[in-house]
$ cat upload38.cif   # mmCIF, C-alpha atoms
data_entry
loop_
_atom_site.group_PDB
_atom_site.id
_atom_site.type_symbol
_atom_site.label_atom_id
_atom_site.label_comp_id
_atom_site.auth_asym_id
_atom_site.auth_seq_id
_atom_site.Cartn_x
_atom_site.Cartn_y
_atom_site.Cartn_z
ATOM 1 C CA MET N 23 -31.637 -41.451 -11.421
ATOM 2 C CA ALA N 24 -30.587 -39.674 -8.227
ATOM 3 C CA LYS N 25 -27.076 -41.117 -8.535
ATOM 4 C CA LYS N 26 -26.773 -39.887 -12.116
ATOM 5 C CA LEU N 27 -28.044 -36.447 -11.117
ATOM 6 C CA LYS N 28 -25.591 -36.283 -8.233
ATOM 7 C CA LYS N 29 -22.702 -37.360 -10.511
ATOM 8 C CA LEU N 30 -23.686 -34.816 -13.154
ATOM 9 C CA THR N 31 -24.006 -32.081 -10.501
ATOM 10 C CA SER N 32 -20.536 -32.972 -9.188
ATOM 11 C CA ARG N 33 -19.046 -32.696 -12.664
ATOM 12 C CA VAL N 34 -20.692 -29.321 -13.292
ATOM 13 C CA GLN N 35 -19.441 -28.034 -9.942
ATOM 14 C CA SER N 36 -15.899 -29.167 -10.700
ATOM 15 C CA VAL N 37 -16.032 -27.382 -14.049
ATOM 16 C CA GLU N 38 -17.570 -24.283 -12.486
ATOM 17 C CA GLY N 39 -14.971 -24.415 -9.695
ATOM 18 C CA GLY N 40 -12.204 -23.959 -12.279
ATOM 19 C CA LYS N 41 -13.657 -20.564 -13.166
ATOM 20 C CA CYS N 42 -13.084 -19.342 -9.615
ATOM 21 C CA ILE N 43 -9.288 -19.684 -9.680
ATOM 22 C CA GLU N 44 -7.894 -16.211 -9.210
ATOM 23 C CA GLY N 45 -5.501 -14.687 -11.733
ATOM 24 C CA LEU N 46 -6.631 -16.660 -14.771
ATOM 25 C CA ASN N 47 -8.762 -14.087 -16.513
ATOM 26 C CA TYR N 48 -7.425 -12.250 -19.554
ATOM 27 C CA GLU N 49 -6.791 -8.994 -17.699
ATOM 28 C CA ASP N 50 -4.580 -10.763 -15.148
ATOM 29 C CA LEU N 51 -2.582 -12.737 -17.693
ATOM 30 C CA CYS N 52 -2.074 -10.140 -20.421
ATOM 31 C CA ILE N 53 0.543 -7.426 -20.079
ATOM 32 C CA GLN N 54 -1.564 -4.867 -21.960
ATOM 33 C CA PRO N 55 -5.140 -6.187 -21.940
ATOM 34 C CA ASP N 56 -6.600 -2.904 -23.168
ATOM 35 C CA VAL N 57 -4.397 -2.800 -26.272
ATOM 36 C CA GLU N 58 -5.844 -4.390 -29.359
ATOM 37 C CA LEU N 59 -3.670 -5.023 -32.370
ATOM 38 C CA PRO N 60 -5.179 -3.862 -35.667
ATOM 39 C CA GLU N 61 -7.140 -6.486 -37.561
ATOM 40 C CA GLY N 62 -4.896 -8.338 -39.980
ATOM 41 C CA TYR N 63 -1.737 -7.185 -38.152
ATOM 42 C CA LYS N 64 1.117 -9.626 -38.524
ATOM 43 C CA PRO N 65 3.890 -9.092 -35.970
ATOM 44 C CA PRO N 66 7.432 -9.215 -37.328
ATOM 45 C CA LYS N 67 9.585 -12.276 -36.757
ATOM 46 C CA PHE N 68 11.754 -11.423 -33.776
ATOM 47 C CA GLU N 69 15.223 -12.674 -32.952
ATOM 48 C CA MET N 70 14.858 -14.917 -29.929
ATOM 49 C CA PHE N 71 16.799 -14.075 -26.787
ATOM 50 C CA ASN N 72 18.671 -17.153 -25.602
ATOM 51 C CA GLY N 73 19.420 -15.947 -22.091
ATOM 52 C CA THR N 74 23.150 -15.724 -22.683
ATOM 53 C CA GLY N 75 23.520 -12.713 -24.927
ATOM 54 C CA ASP N 76 23.743 -9.042 -24.137
ATOM 55 C CA PRO N 77 20.250 -7.919 -23.046
ATOM 56 C CA LYS N 78 20.766 -4.399 -24.404
ATOM 57 C CA VAL N 79 21.656 -5.792 -27.821
ATOM 58 C CA HIS N 80 18.460 -7.856 -27.714
ATOM 59 C CA LEU N 81 16.379 -4.804 -26.791
ATOM 60 C CA ARG N 82 17.917 -2.810 -29.653
ATOM 61 C CA MET N 83 17.277 -5.584 -32.160
ATOM 62 C CA TYR N 84 13.731 -5.956 -30.883
ATOM 63 C CA CYS N 85 12.999 -2.232 -31.153
ATOM 64 C CA ASP N 86 14.577 -2.124 -34.602
ATOM 65 C CA LYS N 87 12.092 -4.770 -35.769
ATOM 66 C CA LEU N 88 9.246 -2.518 -34.589
ATOM 67 C CA VAL N 89 10.296 0.490 -36.674
ATOM 68 C CA GLY N 90 7.276 1.540 -38.694
ATOM 69 C CA VAL N 91 4.926 -0.716 -36.719
ATOM 70 C CA SER N 92 3.817 1.750 -34.108
ATOM 71 C CA LYS N 93 5.226 4.211 -31.628
ATOM 72 C CA ASP N 94 2.793 2.986 -28.985
ATOM 73 C CA GLU N 95 4.999 1.530 -26.256
ATOM 74 C CA ARG N 96 2.066 -0.528 -24.986
ATOM 75 C CA ILE N 97 2.198 -2.504 -28.250
ATOM 76 C CA HIS N 98 5.964 -2.892 -27.838
ATOM 77 C CA MET N 99 5.371 -4.276 -24.346
ATOM 78 C CA LYS N 100 2.586 -6.569 -25.529
ATOM 79 C CA LEU N 101 4.749 -8.105 -28.253
ATOM 80 C CA PHE N 102 7.991 -8.387 -26.257
ATOM 81 C CA MET N 103 7.298 -11.883 -24.965
ATOM 82 C CA ARG N 104 7.369 -13.100 -28.587
ATOM 83 C CA SER N 105 11.121 -12.487 -28.555
ATOM 84 C CA LEU N 106 11.743 -14.691 -25.515
ATOM 85 C CA ASN N 107 11.976 -18.426 -25.098
ATOM 86 C CA ARG N 108 12.515 -21.065 -22.417
ATOM 87 C CA ASP N 109 13.909 -19.684 -19.156
ATOM 88 C CA ASP N 110 13.665 -16.092 -20.336
ATOM 89 C CA LEU N 111 9.986 -16.542 -21.088
ATOM 90 C CA SER N 112 9.482 -18.246 -17.730
ATOM 91 C CA TRP N 113 11.083 -15.261 -15.996
ATOM 92 C CA TYR N 114 8.855 -12.879 -17.947
ATOM 93 C CA ILE N 115 5.673 -14.818 -17.205
ATOM 94 C CA SER N 116 6.494 -15.035 -13.498
ATOM 95 C CA GLN N 117 6.605 -11.230 -13.181
ATOM 96 C CA ASN N 118 3.805 -9.110 -11.803
ATOM 97 C CA LEU N 119 2.865 -7.541 -15.118
ATOM 98 C CA LYS N 120 1.022 -4.663 -13.431
ATOM 99 C CA LYS N 121 4.328 -3.270 -12.140
ATOM 100 C CA TRP N 122 5.414 -2.454 -15.677
ATOM 101 C CA VAL N 123 3.720 0.893 -16.215
ATOM 102 C CA ASN N 124 5.723 1.684 -19.344
ATOM 103 C CA TRP N 125 8.345 0.297 -21.726
ATOM 104 C CA VAL N 126 11.277 1.660 -19.707
ATOM 105 C CA SER N 127 10.164 -0.114 -16.524
ATOM 106 C CA MET N 128 9.859 -3.422 -18.382
ATOM 107 C CA ALA N 129 13.143 -2.988 -20.275
ATOM 108 C CA SER N 130 14.908 -2.012 -17.025
ATOM 109 C CA ASP N 131 13.730 -5.180 -15.317
ATOM 110 C CA PHE N 132 14.862 -7.203 -18.329
ATOM 111 C CA MET N 133 18.293 -5.526 -18.216
ATOM 112 C CA ASP N 134 18.585 -6.136 -14.458
ATOM 113 C CA ARG N 135 17.647 -9.793 -14.823
ATOM 114 C CA PHE N 136 20.237 -10.496 -17.541
ATOM 115 C CA ARG N 137 22.916 -7.960 -16.582
ATOM 116 C CA PHE N 138 25.217 -10.780 -15.479
ATOM 117 C CA ASN N 139 25.674 -11.634 -19.161
ATOM 118 C CA THR N 140 27.630 -8.426 -19.700
ATOM 119 C CA GLU N 141 29.241 -8.194 -16.253
ATOM 120 C CA ASN N 142 30.987 -11.501 -16.795
ATOM 121 C CA ALA N 143 32.667 -10.400 -19.993
ATOM 122 C CA PRO N 144 36.063 -12.006 -20.572
ATOM 123 C CA ASP N 145 39.205 -9.990 -19.990
ATOM 124 C CA VAL N 146 42.351 -9.683 -22.095
ATOM 125 C CA PHE N 147 44.107 -12.411 -20.099
ATOM 126 C CA TYR N 148 41.320 -14.857 -20.861
ATOM 127 C CA ILE N 149 41.654 -14.138 -24.582
ATOM 128 C CA GLN N 150 45.449 -14.482 -24.456
ATOM 129 C CA ASN N 151 45.089 -17.925 -22.872
ATOM 130 C CA LEU N 152 42.311 -19.167 -25.151
ATOM 131 C CA LYS N 153 43.592 -22.353 -26.740
ATOM 132 C CA LYS N 154 42.470 -24.342 -29.738
ATOM 133 C CA ASN N 155 40.502 -27.427 -28.723
ATOM 134 C CA PRO N 156 41.813 -30.690 -30.175
ATOM 135 C CA ASN N 157 38.486 -31.425 -31.856
ATOM 136 C CA GLU N 158 38.051 -28.062 -33.624
ATOM 137 C CA THR N 159 39.479 -26.841 -36.906
ATOM 138 C CA PHE N 160 41.636 -23.740 -37.027
ATOM 139 C CA HIS N 161 38.760 -21.879 -38.691
ATOM 140 C CA GLU N 162 36.408 -22.871 -35.839
ATOM 141 C CA TYR N 163 39.021 -21.796 -33.291
ATOM 142 C CA ALA N 164 39.562 -18.441 -35.023
ATOM 143 C CA THR N 165 35.813 -17.838 -35.154
ATOM 144 C CA ARG N 166 35.446 -18.717 -31.466
ATOM 145 C CA TRP N 167 38.435 -16.522 -30.574
ATOM 146 C CA ARG N 168 37.012 -13.537 -32.479
ATOM 147 C CA SER N 169 33.626 -14.062 -30.868
ATOM 148 C CA GLU N 170 35.170 -14.104 -27.380
ATOM 149 C CA ALA N 171 37.483 -11.170 -28.179
ATOM 150 C CA ALA N 172 34.480 -9.072 -29.191
ATOM 151 C CA LYS N 173 33.071 -9.489 -25.669
ATOM 152 C CA VAL N 174 36.144 -8.091 -23.916
ATOM 153 C CA ARG N 175 35.547 -4.851 -21.997
ATOM 154 C CA PRO N 176 37.358 -2.586 -22.684
ATOM 155 C CA THR N 177 37.679 -3.801 -26.237
ATOM 156 C CA LEU N 178 41.024 -5.104 -27.424
ATOM 157 C CA GLU N 179 41.383 -2.092 -29.702
ATOM 158 C CA GLU N 180 40.902 0.282 -26.748
ATOM 159 C CA GLU N 181 43.375 -1.770 -24.707
ATOM 160 C CA GLN N 182 45.961 -1.613 -27.509
ATOM 161 C CA MET N 183 45.467 2.137 -27.881
ATOM 162 C CA ASN N 184 45.875 2.639 -24.125
ATOM 163 C CA ASN N 185 49.082 0.576 -24.155
ATOM 164 C CA PHE N 186 50.362 2.538 -27.146
ATOM 165 C CA PHE N 187 49.817 5.886 -25.409
ATOM 166 C CA VAL N 188 51.375 4.639 -22.170
ATOM 167 C CA LYS N 189 54.479 3.469 -24.069
ATOM 168 C CA ALA N 190 54.618 6.706 -26.047
ATOM 169 C CA GLN N 191 54.666 8.722 -22.804
ATOM 170 C CA ASP N 192 57.489 6.680 -21.255
ATOM 171 C CA PRO N 193 60.900 8.412 -21.597
#

$ encode --input "upload38.cif" --output "structure tokens"
Amino acid sequence: MAKKLKKLTSRVQSVEGGKCIEGLNYEDLCIQPDVELPEGYKPPKFEMFNGTGDPKVHLRMYCDKLVGVSKDERIHMKLFMRSLNRDDLSWYISQNLKKWVNWVSMASDFMDRFRFNTENAPDVFYIQNLKKNPNETFHEYATRWRSEAAKVRPTLEEEQMNNFFVKAQDP
């Protein structure tokens, strides 16, 4: 009987010990623990950020989905993680959520984290040298080329206009 009591006590202590781990209560894990969503509220289906796109475009699409939902930025912050997946979600979860005092501070951190996506935009020379892969159709190549050309900064249209004005000024 004493052995069984000791074993049972050990189990209870191990279960109770799990409650003492710091940082696991709701207030520590939730970005806005004091914000309650209205009963019956169904969040919109968000476009998922894949870690490779333009973070500002993602933020705009996210905010556009929230039009008419609420102007409370705490709700926007609470729902933001629903638009992230994989590594992006891991980055988000690893943050000290208390540092985000408002939407702008959270969005700024998001922009800083994924800024490299826009800083590494292809240039005109990259687009000029983009070749069709042997295993892709011409349609696939054209689609890929247009997609890459849209990322060029300044845009190809701006580059063409600049070249036009430079040539027009030459005697």

$ closest_residue --input "upload38.cif" --among "N:His98, N:Lys64, N:Lys78, N:Arg168" --to "Phe136 (chain N)" --atoms "all atoms listed in the file"
N:Lys78

$ closest_residue --input "upload38.cif" --among "N:Asn157, N:Val57, N:Lys173, N:Met70" --to "Met99 (chain N)" --atoms "all atoms listed in the file"
N:Val57

$ residues_around --input "upload38.cif" --residues "Glu58 (chain N)" --least-positions-apart "4" --cutoff "10 Å" --atoms "all atoms listed in the file" --output "list in words"
Gln54, Arg96, Ile97 and Lys100 of chain N

$ resolve_selection --input "upload38.cif" --expression "the PyMOL selection byres ((chain N and resi 83) around 12)" --output "PyMOL selection string"
chain N and resi 66-71+75-82+84-89+102+105

$ write_last_selection --input "upload38.cif" --atoms "C-alpha atoms" --output "PDB file, in the coordinates of the input"
ATOM      1  CA  PRO N  66       7.432  -9.215 -37.328  1.00  0.00           C
ATOM      2  CA  LYS N  67       9.585 -12.276 -36.757  1.00  0.00           C
ATOM      3  CA  PHE N  68      11.754 -11.423 -33.776  1.00  0.00           C
ATOM      4  CA  GLU N  69      15.223 -12.674 -32.952  1.00  0.00           C
ATOM      5  CA  MET N  70      14.858 -14.917 -29.929  1.00  0.00           C
ATOM      6  CA  PHE N  71      16.799 -14.075 -26.787  1.00  0.00           C
ATOM      7  CA  GLY N  75      23.520 -12.713 -24.927  1.00  0.00           C
ATOM      8  CA  ASP N  76      23.743  -9.042 -24.137  1.00  0.00           C
ATOM      9  CA  PRO N  77      20.250  -7.919 -23.046  1.00  0.00           C
ATOM     10  CA  LYS N  78      20.766  -4.399 -24.404  1.00  0.00           C
ATOM     11  CA  VAL N  79      21.656  -5.792 -27.821  1.00  0.00           C
ATOM     12  CA  HIS N  80      18.460  -7.856 -27.714  1.00  0.00           C
ATOM     13  CA  LEU N  81      16.379  -4.804 -26.791  1.00  0.00           C
ATOM     14  CA  ARG N  82      17.917  -2.810 -29.653  1.00  0.00           C
ATOM     15  CA  TYR N  84      13.731  -5.956 -30.883  1.00  0.00           C
ATOM     16  CA  CYS N  85      12.999  -2.232 -31.153  1.00  0.00           C
ATOM     17  CA  ASP N  86      14.577  -2.124 -34.602  1.00  0.00           C
ATOM     18  CA  LYS N  87      12.092  -4.770 -35.769  1.00  0.00           C
ATOM     19  CA  LEU N  88       9.246  -2.518 -34.589  1.00  0.00           C
ATOM     20  CA  VAL N  89      10.296   0.490 -36.674  1.00  0.00           C
ATOM     21  CA  PHE N 102       7.991  -8.387 -26.257  1.00  0.00           C
ATOM     22  CA  SER N 105      11.121 -12.487 -28.555  1.00  0.00           C
TER      23      SER N 105
END

$ residues_near_point --input "upload38.cif" --point "(5.4, -10.1, -18.2)" --cutoff "12 Å" --atoms "only C-alpha atoms" --output "count of residues only"
34

$ atom_distance --input "upload38.cif" --atom1 "CA of Trp167 (chain N)" --atom2 "CA of Val146 (chain N)"
11.6 Å

$ closest_residue --input "upload38.cif" --among "N:Gly73, N:Glu170, N:Ser92, N:Lys26" --to "Met133 (chain N)" --atoms "only C-alpha atoms"
N:Gly73

$ atom_distance --input "upload38.cif" --atom1 "CA of Lys93 (chain N)" --atom2 "CA of Tyr63 (chain N)"
14.9 Å

$ atom_distance --input "upload38.cif" --atom1 "CA of Thr165 (chain N)" --atom2 "CA of Phe147 (chain N)"
18.0 Å

$ closest_residue --input "upload38.cif" --among "N:Ala171, N:Phe160, N:Arg135, N:Leu59" --to "Tyr148 (chain N)" --atoms "only C-alpha atoms"
N:Ala171
